[in-house]
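> This is final25.pdb (PDB, C-alpha atoms).
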ATOM      1  CA  MET A  97       0.000   0.000   0.000  1.00  0.00           C
ATOM      2  CA  THR A  98       1.474   3.373  -1.049  1.00  0.00           C
ATOM      3  CA  ASP A  99       0.431   7.018  -0.851  1.00  0.00           C
ATOM      4  CA  GLY A 100      -0.895   6.804  -4.390  1.00  0.00           C
ATOM      5  CA  GLU A 101      -3.278   4.041  -3.389  1.00  0.00           C
ATOM      6  CA  LEU A 102      -4.786   6.001  -0.496  1.00  0.00           C
ATOM      7  CA  THR A 103      -7.694   8.340  -1.088  1.00  0.00           C
ATOM      8  CA  SER A 104      -8.466  11.148   1.331  1.00  0.00           C
ATOM      9  CA  ALA A 105     -11.398   9.113   2.610  1.00  0.00           C
ATOM     10  CA  GLN A 106      -9.147   6.108   3.207  1.00  0.00           C
ATOM     11  CA  ILE A 107      -6.597   8.280   5.007  1.00  0.00           C
ATOM     12  CA  ALA A 108      -9.301   9.689   7.271  1.00  0.00           C
ATOM     13  CA  ALA A 109     -10.684   6.230   7.984  1.00  0.00           C
ATOM     14  CA  LEU A 110      -7.244   4.781   8.758  1.00  0.00           C
ATOM     15  CA  THR A 111      -6.373   7.706  11.014  1.00  0.00           C
ATOM     16  CA  GLY A 112      -9.596   7.332  12.958  1.00  0.00           C
ATOM     17  CA  SER A 113      -9.285   3.562  13.230  1.00  0.00           C
ATOM     18  CA  VAL A 114      -5.888   3.655  14.962  1.00  0.00           C
ATOM     19  CA  ASP A 115      -6.155   6.884  16.991  1.00  0.00           C
ATOM     20  CA  ILE A 116      -6.020   5.785  20.637  1.00  0.00           C
ATOM     21  CA  ASP A 117      -6.749   9.209  22.121  1.00  0.00           C
ATOM     22  CA  ALA A 118      -9.415   9.033  24.842  1.00  0.00           C
ATOM     23  CA  PRO A 119      -8.030  11.288  27.573  1.00  0.00           C
ATOM     24  CA  PRO A 120      -9.378  11.216  31.119  1.00  0.00           C
ATOM     25  CA  LEU A 121     -11.132  14.203  32.596  1.00  0.00           C
ATOM     26  CA  ASP A 122      -8.912  16.691  34.391  1.00  0.00           C
ATOM     27  CA  THR A 123     -11.047  16.352  37.501  1.00  0.00           C
ATOM     28  CA  GLU A 124     -10.039  12.934  38.835  1.00  0.00           C
ATOM     29  CA  PRO A 125      -6.690  11.253  39.547  1.00  0.00           C
ATOM     30  CA  THR A 126      -5.632   8.318  37.387  1.00  0.00           C
ATOM     31  CA  ALA A 127      -2.715   5.929  37.040  1.00  0.00           C
ATOM     32  CA  LEU A 128      -0.636   6.511  33.927  1.00  0.00           C
ATOM     33  CA  VAL A 129       0.895   3.573  32.049  1.00  0.00           C
ATOM     34  CA  LEU A 130       3.884   4.759  30.013  1.00  0.00           C
ATOM     35  CA  PHE A 131       4.459   2.341  27.139  1.00  0.00           C
ATOM     36  CA  GLY A 132       8.100   1.768  26.334  1.00  0.00           C
ATOM     37  CA  THR A 133       9.880   4.021  23.850  1.00  0.00           C
ATOM     38  CA  ASN A 134      13.183   5.867  23.550  1.00  0.00           C
ATOM     39  CA  GLN A 135      11.385   9.223  23.236  1.00  0.00           C
ATOM     40  CA  ALA A 136      10.765  11.562  26.156  1.00  0.00           C
ATOM     41  CA  ALA A 137       7.181  12.656  25.517  1.00  0.00           C
ATOM     42  CA  PRO A 138       5.513  10.105  27.841  1.00  0.00           C
ATOM     43  CA  ALA A 139       7.592  11.187  30.839  1.00  0.00           C
ATOM     44  CA  GLN A 140       6.900  14.846  30.054  1.00  0.00           C
ATOM     45  CA  ILE A 141       3.156  14.184  29.883  1.00  0.00           C
ATOM     46  CA  ALA A 142       3.251  12.185  33.104  1.00  0.00           C
ATOM     47  CA  ALA A 143       5.266  14.783  35.014  1.00  0.00           C
ATOM     48  CA  GLY A 144       2.853  17.513  33.956  1.00  0.00           C
ATOM     49  CA  ARG A 145      -0.149  15.527  35.124  1.00  0.00           C
ATOM     50  CA  TYR A 146       1.568  14.533  38.368  1.00  0.00           C
ATOM     51  CA  HIS A 147       2.266  18.148  39.270  1.00  0.00           C
ATOM     52  CA  ARG A 148      -1.379  18.999  38.606  1.00  0.00           C
ATOM     53  CA  GLY A 149      -2.448  16.334  41.091  1.00  0.00           C
ATOM     54  CA  LEU A 150      -3.801  14.053  38.359  1.00  0.00           C
ATOM     55  CA  ALA A 151      -1.308  11.164  38.347  1.00  0.00           C
ATOM     56  CA  PRO A 152      -0.476   9.885  41.844  1.00  0.00           C
ATOM     57  CA  VAL A 153       0.789   6.626  40.294  1.00  0.00           C
ATOM     58  CA  ILE A 154       2.943   6.403  37.156  1.00  0.00           C
ATOM     59  CA  ILE A 155       3.869   2.990  35.768  1.00  0.00           C
ATOM     60  CA  ALA A 156       6.955   3.236  33.558  1.00  0.00           C
ATOM     61  CA  THR A 157       7.479   0.258  31.260  1.00  0.00           C
ATOM     62  CA  GLY A 158      10.087  -0.968  28.837  1.00  0.00           C
ATOM     63  CA  GLY A 159      13.207  -3.100  28.695  1.00  0.00           C
ATOM     64  CA  VAL A 160      16.267  -2.595  26.493  1.00  0.00           C
ATOM     65  CA  ASN A 161      15.533  -0.428  23.450  1.00  0.00           C
ATOM     66  CA  ARG A 162      16.808  -2.153  20.319  1.00  0.00           C
ATOM     67  CA  HIS A 163      17.824   1.125  18.669  1.00  0.00           C
ATOM     68  CA  ASN A 164      19.966   2.813  21.311  1.00  0.00           C
ATOM     69  CA  GLY A 165      20.335   0.317  24.174  1.00  0.00           C
ATOM     70  CA  ILE A 166      18.652   2.390  26.882  1.00  0.00           C
ATOM     71  CA  VAL A 167      16.435   0.573  29.383  1.00  0.00           C
ATOM     72  CA  GLU A 168      13.179   2.361  28.685  1.00  0.00           C
ATOM     73  CA  GLY A 169      11.443   1.938  32.043  1.00  0.00           C
ATOM     74  CA  ARG A 170      14.523   3.121  33.942  1.00  0.00           C
ATOM     75  CA  GLU A 171      15.023   6.052  31.564  1.00  0.00           C
ATOM     76  CA  PHE A 172      11.420   7.126  32.122  1.00  0.00           C
ATOM     77  CA  ALA A 173      12.053   6.958  35.874  1.00  0.00           C
ATOM     78  CA  ARG A 174      15.179   9.085  35.493  1.00  0.00           C
ATOM     79  CA  GLN A 175      13.322  11.675  33.440  1.00  0.00           C
ATOM     80  CA  LEU A 176      10.454  11.744  35.943  1.00  0.00           C
ATOM     81  CA  ALA A 177      12.859  12.235  38.844  1.00  0.00           C
ATOM     82  CA  ALA A 178      14.558  15.076  36.958  1.00  0.00           C
ATOM     83  CA  ALA A 179      11.123  16.657  36.529  1.00  0.00           C
ATOM     84  CA  GLY A 180      10.452  16.568  40.266  1.00  0.00           C
ATOM     85  CA  VAL A 181       8.284  13.459  40.473  1.00  0.00           C
ATOM     86  CA  PRO A 182       9.113  11.523  43.670  1.00  0.00           C
ATOM     87  CA  ASP A 183      10.129   7.867  43.542  1.00  0.00           C
ATOM     88  CA  SER A 184       7.100   6.989  45.669  1.00  0.00           C
ATOM     89  CA  ALA A 185       4.807   7.816  42.740  1.00  0.00           C
ATOM     90  CA  VAL A 186       6.705   5.742  40.173  1.00  0.00           C
ATOM     91  CA  ARG A 187       6.625   2.008  39.480  1.00  0.00           C
ATOM     92  CA  VAL A 188       9.219   0.647  37.051  1.00  0.00           C
ATOM     93  CA  GLU A 189       8.967  -2.376  34.770  1.00  0.00           C
ATOM     94  CA  ASP A 190      12.282  -2.846  32.953  1.00  0.00           C
ATOM     95  CA  GLN A 191      12.267  -6.362  31.479  1.00  0.00           C
ATOM     96  CA  SER A 192       9.696  -6.227  28.664  1.00  0.00           C
ATOM     97  CA  LYS A 193      10.585  -6.730  25.011  1.00  0.00           C
ATOM     98  CA  ASP A 194       7.327  -5.671  23.367  1.00  0.00           C
ATOM     99  CA  THR A 195       3.936  -4.086  23.979  1.00  0.00           C
ATOM    100  CA  TRP A 196       2.335  -7.266  25.293  1.00  0.00           C
ATOM    101  CA  GLN A 197       5.123  -7.675  27.849  1.00  0.00           C
ATOM    102  CA  ASN A 198       4.872  -3.974  28.826  1.00  0.00           C
ATOM    103  CA  VAL A 199       1.498  -4.958  30.264  1.00  0.00           C
ATOM    104  CA  GLU A 200       2.276  -8.524  31.322  1.00  0.00           C
ATOM    105  CA  HIS A 201       5.274  -7.585  33.456  1.00  0.00           C
ATOM    106  CA  SER A 202       3.411  -4.602  34.926  1.00  0.00           C
ATOM    107  CA  LEU A 203       0.330  -6.489  36.067  1.00  0.00           C
ATOM    108  CA  PRO A 204       1.129  -6.247  39.814  1.00  0.00           C
ATOM    109  CA  TYR A 205       1.449  -2.457  39.494  1.00  0.00           C
ATOM    110  CA  LEU A 206      -1.662  -2.202  37.329  1.00  0.00           C
ATOM    111  CA  ARG A 207      -3.685  -4.189  39.852  1.00  0.00           C
ATOM    112  CA  GLU A 208      -2.275  -2.047  42.652  1.00  0.00           C
ATOM    113  CA  ALA A 209      -3.551   1.056  40.875  1.00  0.00           C
ATOM    114  CA  LEU A 210      -6.995  -0.466  40.350  1.00  0.00           C
ATOM    115  CA  ALA A 211      -7.136  -1.448  44.025  1.00  0.00           C
ATOM    116  CA  MET A 212      -6.472   2.208  44.846  1.00  0.00           C
ATOM    117  CA  GLY A 213      -9.504   3.144  42.765  1.00  0.00           C
ATOM    118  CA  LEU A 214      -7.434   4.739  40.007  1.00  0.00           C
ATOM    119  CA  PRO A 215      -8.556   4.340  36.376  1.00  0.00           C
ATOM    120  CA  LEU A 216      -5.753   3.362  33.992  1.00  0.00           C
ATOM    121  CA  VAL A 217      -4.521   5.646  31.228  1.00  0.00           C
ATOM    122  CA  ALA A 218      -2.328   4.304  28.424  1.00  0.00           C
ATOM    123  CA  VAL A 219       0.261   6.887  27.368  1.00  0.00           C
ATOM    124  CA  SER A 220       1.579   5.877  23.964  1.00  0.00           C
ATOM    125  CA  LYS A 221       2.082   6.973  20.373  1.00  0.00           C
ATOM    126  CA  TRP A 222      -1.235   8.239  19.047  1.00  0.00           C
ATOM    127  CA  TYR A 223      -1.547   5.374  16.552  1.00  0.00           C
ATOM    128  CA  HIS A 224      -0.271   2.614  18.855  1.00  0.00           C
ATOM    129  CA  LEU A 225      -3.532   0.705  19.042  1.00  0.00           C
ATOM    130  CA  ARG A 226      -1.826  -2.384  20.444  1.00  0.00           C
ATOM    131  CA  ALA A 227      -1.206  -0.542  23.705  1.00  0.00           C
ATOM    132  CA  VAL A 228      -4.927  -0.264  24.355  1.00  0.00           C
ATOM    133  CA  TYR A 229      -5.713  -3.784  23.175  1.00  0.00           C
ATOM    134  CA  CYS A 230      -2.927  -5.395  25.213  1.00  0.00           C
ATOM    135  CA  LEU A 231      -4.164  -3.619  28.330  1.00  0.00           C
ATOM    136  CA  HIS A 232      -7.781  -4.524  27.682  1.00  0.00           C
ATOM    137  CA  THR A 233      -6.977  -8.181  26.886  1.00  0.00           C
ATOM    138  CA  GLN A 234      -4.775  -8.849  29.908  1.00  0.00           C
ATOM    139  CA  LEU A 235      -6.770  -6.754  32.363  1.00  0.00           C
ATOM    140  CA  PRO A 236     -10.372  -6.762  31.104  1.00  0.00           C
ATOM    141  CA  GLU A 237     -11.666  -5.592  34.456  1.00  0.00           C
ATOM    142  CA  ALA A 238      -9.874  -2.256  33.957  1.00  0.00           C
ATOM    143  CA  VAL A 239     -12.676  -0.562  32.065  1.00  0.00           C
ATOM    144  CA  PRO A 240     -13.262   2.114  31.190  1.00  0.00           C
ATOM    145  CA  LEU A 241      -9.707   2.564  29.924  1.00  0.00           C
ATOM    146  CA  TYR A 242      -8.370   5.951  28.918  1.00  0.00           C
ATOM    147  CA  ALA A 243      -5.539   6.850  26.567  1.00  0.00           C
ATOM    148  CA  ILE A 244      -3.334   9.844  25.854  1.00  0.00           C
ATOM    149  CA  GLY A 245      -1.725   9.752  22.425  1.00  0.00           C
ATOM    150  CA  TRP A 246       1.427  11.682  21.630  1.00  0.00           C
ATOM    151  CA  GLU A 247       3.219  12.422  18.354  1.00  0.00           C
ATOM    152  CA  PRO A 248       6.529  10.590  17.906  1.00  0.00           C
ATOM    153  CA  VAL A 249       9.450  12.024  15.973  1.00  0.00           C
ATOM    154  CA  TYR A 250      11.343   9.981  13.382  1.00  0.00           C
ATOM    155  CA  ALA A 251      14.236  11.342  11.299  1.00  0.00           C
ATOM    156  CA  GLY A 252      13.529  14.760  12.785  1.00  0.00           C
ATOM    157  CA  THR A 253       9.895  14.858  11.658  1.00  0.00           C
ATOM    158  CA  PRO A 254       6.876  14.484  13.975  1.00  0.00           C
ATOM    159  CA  VAL A 255       4.394  11.841  12.845  1.00  0.00           C
ATOM    160  CA  ARG A 256       1.034  13.577  13.180  1.00  0.00           C
ATOM    161  CA  ARG A 257      -2.508  12.662  12.315  1.00  0.00           C
ATOM    162  CA  ASP A 258      -2.356  15.031   9.358  1.00  0.00           C
ATOM    163  CA  ASN A 259       1.005  14.079   7.852  1.00  0.00           C
ATOM    164  CA  TRP A 260       1.576  10.357   8.422  1.00  0.00           C
ATOM    165  CA  PRO A 261       0.856   9.351   4.772  1.00  0.00           C
ATOM    166  CA  SER A 262       3.807  11.467   3.604  1.00  0.00           C
ATOM    167  CA  SER A 263       6.174  10.069   6.246  1.00  0.00           C
ATOM    168  CA  PRO A 264       7.687   6.668   5.410  1.00  0.00           C
ATOM    169  CA  ASP A 265       8.032   5.861   9.109  1.00  0.00           C
ATOM    170  CA  GLY A 266       4.548   7.094   9.918  1.00  0.00           C
ATOM    171  CA  ARG A 267       2.874   5.401   6.957  1.00  0.00           C
ATOM    172  CA  ARG A 268       4.432   2.033   7.730  1.00  0.00           C
ATOM    173  CA  ARG A 269       3.466   2.187  11.403  1.00  0.00           C
ATOM    174  CA  VAL A 270      -0.090   3.440  10.934  1.00  0.00           C
ATOM    175  CA  ILE A 271      -0.885   0.858   8.260  1.00  0.00           C
ATOM    176  CA  ARG A 272       0.667  -1.883  10.370  1.00  0.00           C
ATOM    177  CA  GLU A 273      -1.568  -1.025  13.348  1.00  0.00           C
ATOM    178  CA  SER A 274      -4.664  -0.840  11.149  1.00  0.00           C
ATOM    179  CA  GLN A 275      -4.005  -4.381   9.914  1.00  0.00           C
ATOM    180  CA  GLU A 276      -2.341  -6.103  12.874  1.00  0.00           C
ATOM    181  CA  VAL A 277      -4.909  -5.351  15.568  1.00  0.00           C
ATOM    182  CA  PRO A 278      -8.000  -6.551  13.643  1.00  0.00           C
ATOM    183  CA  ARG A 279      -6.069  -9.690  12.666  1.00  0.00           C
ATOM    184  CA  ARG A 280      -5.285 -10.460  16.294  1.00  0.00           C
ATOM    185  CA  VAL A 281      -8.877  -9.839  17.330  1.00  0.00           C
ATOM    186  CA  THR A 282     -10.056 -12.219  14.611  1.00  0.00           C
ATOM    187  CA  GLU A 283      -7.626 -14.935  15.677  1.00  0.00           C
ATOM    188  CA  GLY A 284      -8.630 -14.482  19.317  1.00  0.00           C
ATOM    189  CA  SER A 285      -5.346 -13.255  20.798  1.00  0.00           C
ATOM    190  CA  TYR A 286      -6.841  -9.814  21.528  1.00  0.00           C
ATOM    191  CA  LEU A 287     -10.212  -9.098  23.072  1.00  0.00           C
ATOM    192  CA  PRO A 288     -12.356  -6.707  21.035  1.00  0.00           C
ATOM    193  CA  ALA A 289     -12.349  -3.102  22.256  1.00  0.00           C
ATOM    194  CA  ILE A 290     -14.315  -0.052  21.285  1.00  0.00           C
ATOM    195  CA  LYS A 291     -13.885   3.653  21.940  1.00  0.00           C
ATOM    196  CA  LYS A 292     -17.202   5.088  23.080  1.00  0.00           C
ATOM    197  CA  ASP A 293     -18.236   8.080  25.145  1.00  0.00           C
ATOM    198  CA  GLY A 294     -14.638   9.209  25.572  1.00  0.00           C
ATOM    199  CA  ALA A 295     -13.163   5.925  26.834  1.00  0.00           C
ATOM    200  CA  TRP A 296     -12.175   2.423  25.741  1.00  0.00           C
ATOM    201  CA  SER A 297     -14.218  -0.567  26.833  1.00  0.00           C
TER     202      SER A 297
END
Show me the file's structure as structure tokens.

Amino acid sequence: MTDGELTSAQIAALTGSVDIDAPPLDTEPTALVLFGTNQAAPAQIAAGRYHRGLAPVIIATGGVNRHNGIVEGREFARQLAAAGVPDSAVRVEDQSKDTWQNVEHSLPYLREALAMGLPLVAVSKWYHLRAVYCLHTQLPEAVPLYAIGWEPVYAGTPVRRDNWPSSPDGRRRVIRESQEVPRRVTEGSYLPAIKKDGAWS
């Protein structure tokens, strides 16, 4: 599939189908789940919400990044500490190798947050639909789920909802999500999920 094969209607449909964004209200505290990456946006989002009293628990996930060798969960924790977030608010998962394991290895922390009465919020790339589906599949009781999507940068260019078809990195990733998640739902490895009334369930 190339740019030339995508109509404006197809681009709009693909963008909508993978867009995870379903942010929580700014009136109640939540637990943020930072999905592993080597980019700093998730920690910046989490620190901002923590300092506004909206994120008393932050779960930082991610093992060794295959591109630069950082341990993603620990790097998130370092960035959060540098931003004034105390260690007591941060849980670190640093062994995962993929999105499924981000959730799997964090389950004790996720259940801790739910026991505290905190809704879960996935913080991931705006098109990273697997983040939501992995959470929903492994922790189906955690509904409604919320999500905050951020715009990653590849080769110096942000991948946005309005420019991904012209970005080789963005196009490949968005199309992959639009195909991979429905396939896994069909085969039964992901539970179905739907975004409705501002949340995932």
> Once the PyMOL selection byres ((chain A and resi 287) around 7) has been applied to the shown file, what residues remain in the selection, as a PyMOL selection string?
chain A and resi 229+232-233+281+284-286+288-289
> Just how far from atom CA of A:Thr103 is atom CA of A:Ser220, in Å to one decimal?
26.8 Å
> Might you spell out which residues the PyMOL selection byres ((chain A and resi 236-253) around 8) would select in the displayed file, as a PyMOL selection string?
chain A and resi 115-120+135+137-138+210+215-223+228+231-235+254-256+265+294-297
> Would you put the residues from that selection into a file with C-alpha atoms, as a JSON list (two decimals), in the coordinates of the input?

[["chain", "number", "residue", "atom", "x", "y", "z"],
["A", 115, "ASP", "CA", -6.16, 6.88, 16.99],
["A", 116, "ILE", "CA", -6.02, 5.78, 20.64],
["A", 117, "ASP", "CA", -6.75, 9.21, 22.12],
["A", 118, "ALA", "CA", -9.41, 9.03, 24.84],
["A", 119, "PRO", "CA", -8.03, 11.29, 27.57],
["A", 120, "PRO", "CA", -9.38, 11.22, 31.12],
["A", 135, "GLN", "CA", 11.38, 9.22, 23.24],
["A", 137, "ALA", "CA", 7.18, 12.66, 25.52],
["A", 138, "PRO", "CA", 5.51, 10.10, 27.84],
["A", 210, "LEU", "CA", -7.00, -0.47, 40.35],
["A", 215, "PRO", "CA", -8.56, 4.34, 36.38],
["A", 216, "LEU", "CA", -5.75, 3.36, 33.99],
["A", 217, "VAL", "CA", -4.52, 5.65, 31.23],
["A", 218, "ALA", "CA", -2.33, 4.30, 28.42],
["A", 219, "VAL", "CA", 0.26, 6.89, 27.37],
["A", 220, "SER", "CA", 1.58, 5.88, 23.96],
["A", 221, "LYS", "CA", 2.08, 6.97, 20.37],
["A", 222, "TRP", "CA", -1.24, 8.24, 19.05],
["A", 223, "TYR", "CA", -1.55, 5.37, 16.55],
["A", 228, "VAL", "CA", -4.93, -0.26, 24.36],
["A", 231, "LEU", "CA", -4.16, -3.62, 28.33],
["A", 232, "HIS", "CA", -7.78, -4.52, 27.68],
["A", 233, "THR", "CA", -6.98, -8.18, 26.89],
["A", 234, "GLN", "CA", -4.78, -8.85, 29.91],
["A", 235, "LEU", "CA", -6.77, -6.75, 32.36],
["A", 254, "PRO", "CA", 6.88, 14.48, 13.98],
["A", 255, "VAL", "CA", 4.39, 11.84, 12.84],
["A", 256, "ARG", "CA", 1.03, 13.58, 13.18],
["A", 265, "ASP", "CA", 8.03, 5.86, 9.11],
["A", 294, "GLY", "CA", -14.64, 9.21, 25.57],
["A", 295, "ALA", "CA", -13.16, 5.92, 26.83],
["A", 296, "TRP", "CA", -12.18, 2.42, 25.74],
["A", 297, "SER", "CA", -14.22, -0.57, 26.83]]
> Could you state the separation of atom CA of A:Leu176 and atom CA of A:Val129 in Å, given to one decimal place?
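It comes out at 13.2 Å.
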> Selected by the PyMOL selection byres ((chain A and resi 188) around 12) in the shown coordinates: which residues, as JSON, numbers by chain?
{"A": [128, 129, 130, 131, 132, 153, 154, 155, 156, 157, 158, 159, 167, 168, 169, 170, 171, 172, 173, 174, 176, 183, 184, 185, 186, 187, 189, 190, 191, 192, 198, 199, 201, 202, 203, 204, 205, 206]}
> Which one of A:Trp260, A:Gly266, A:Val160, A:Asp122 sits closest to A:Gly144 if you count all atoms listed in the file?
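Using all atoms listed in the file, the shortest distance to A:Gly144 belongs to A:Asp122.
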> Identify which of the residues A:Asp258, A:His224, A:Pro125, A:Lys193 lies closest to A:Leu150, counting all atoms listed in the file when measuring atom-to-atom distances.
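Of all the options, A:Pro125 lies closest to A:Leu150.
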> I'd like to know which of A:Val270, A:Ala151, A:Ala209, A:Ile107 is closest to A:Arg226, using only C-alpha atoms.
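Among the listed residues, A:Val270 lies closest to A:Arg226.
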> Which residue, A:Ile141, A:Thr282, A:Asp293, A:Pro261, has the smallest gap to A:Ser104 when you use all atoms listed in the file?
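That would be A:Pro261, the residue with the smallest distance to A:Ser104.
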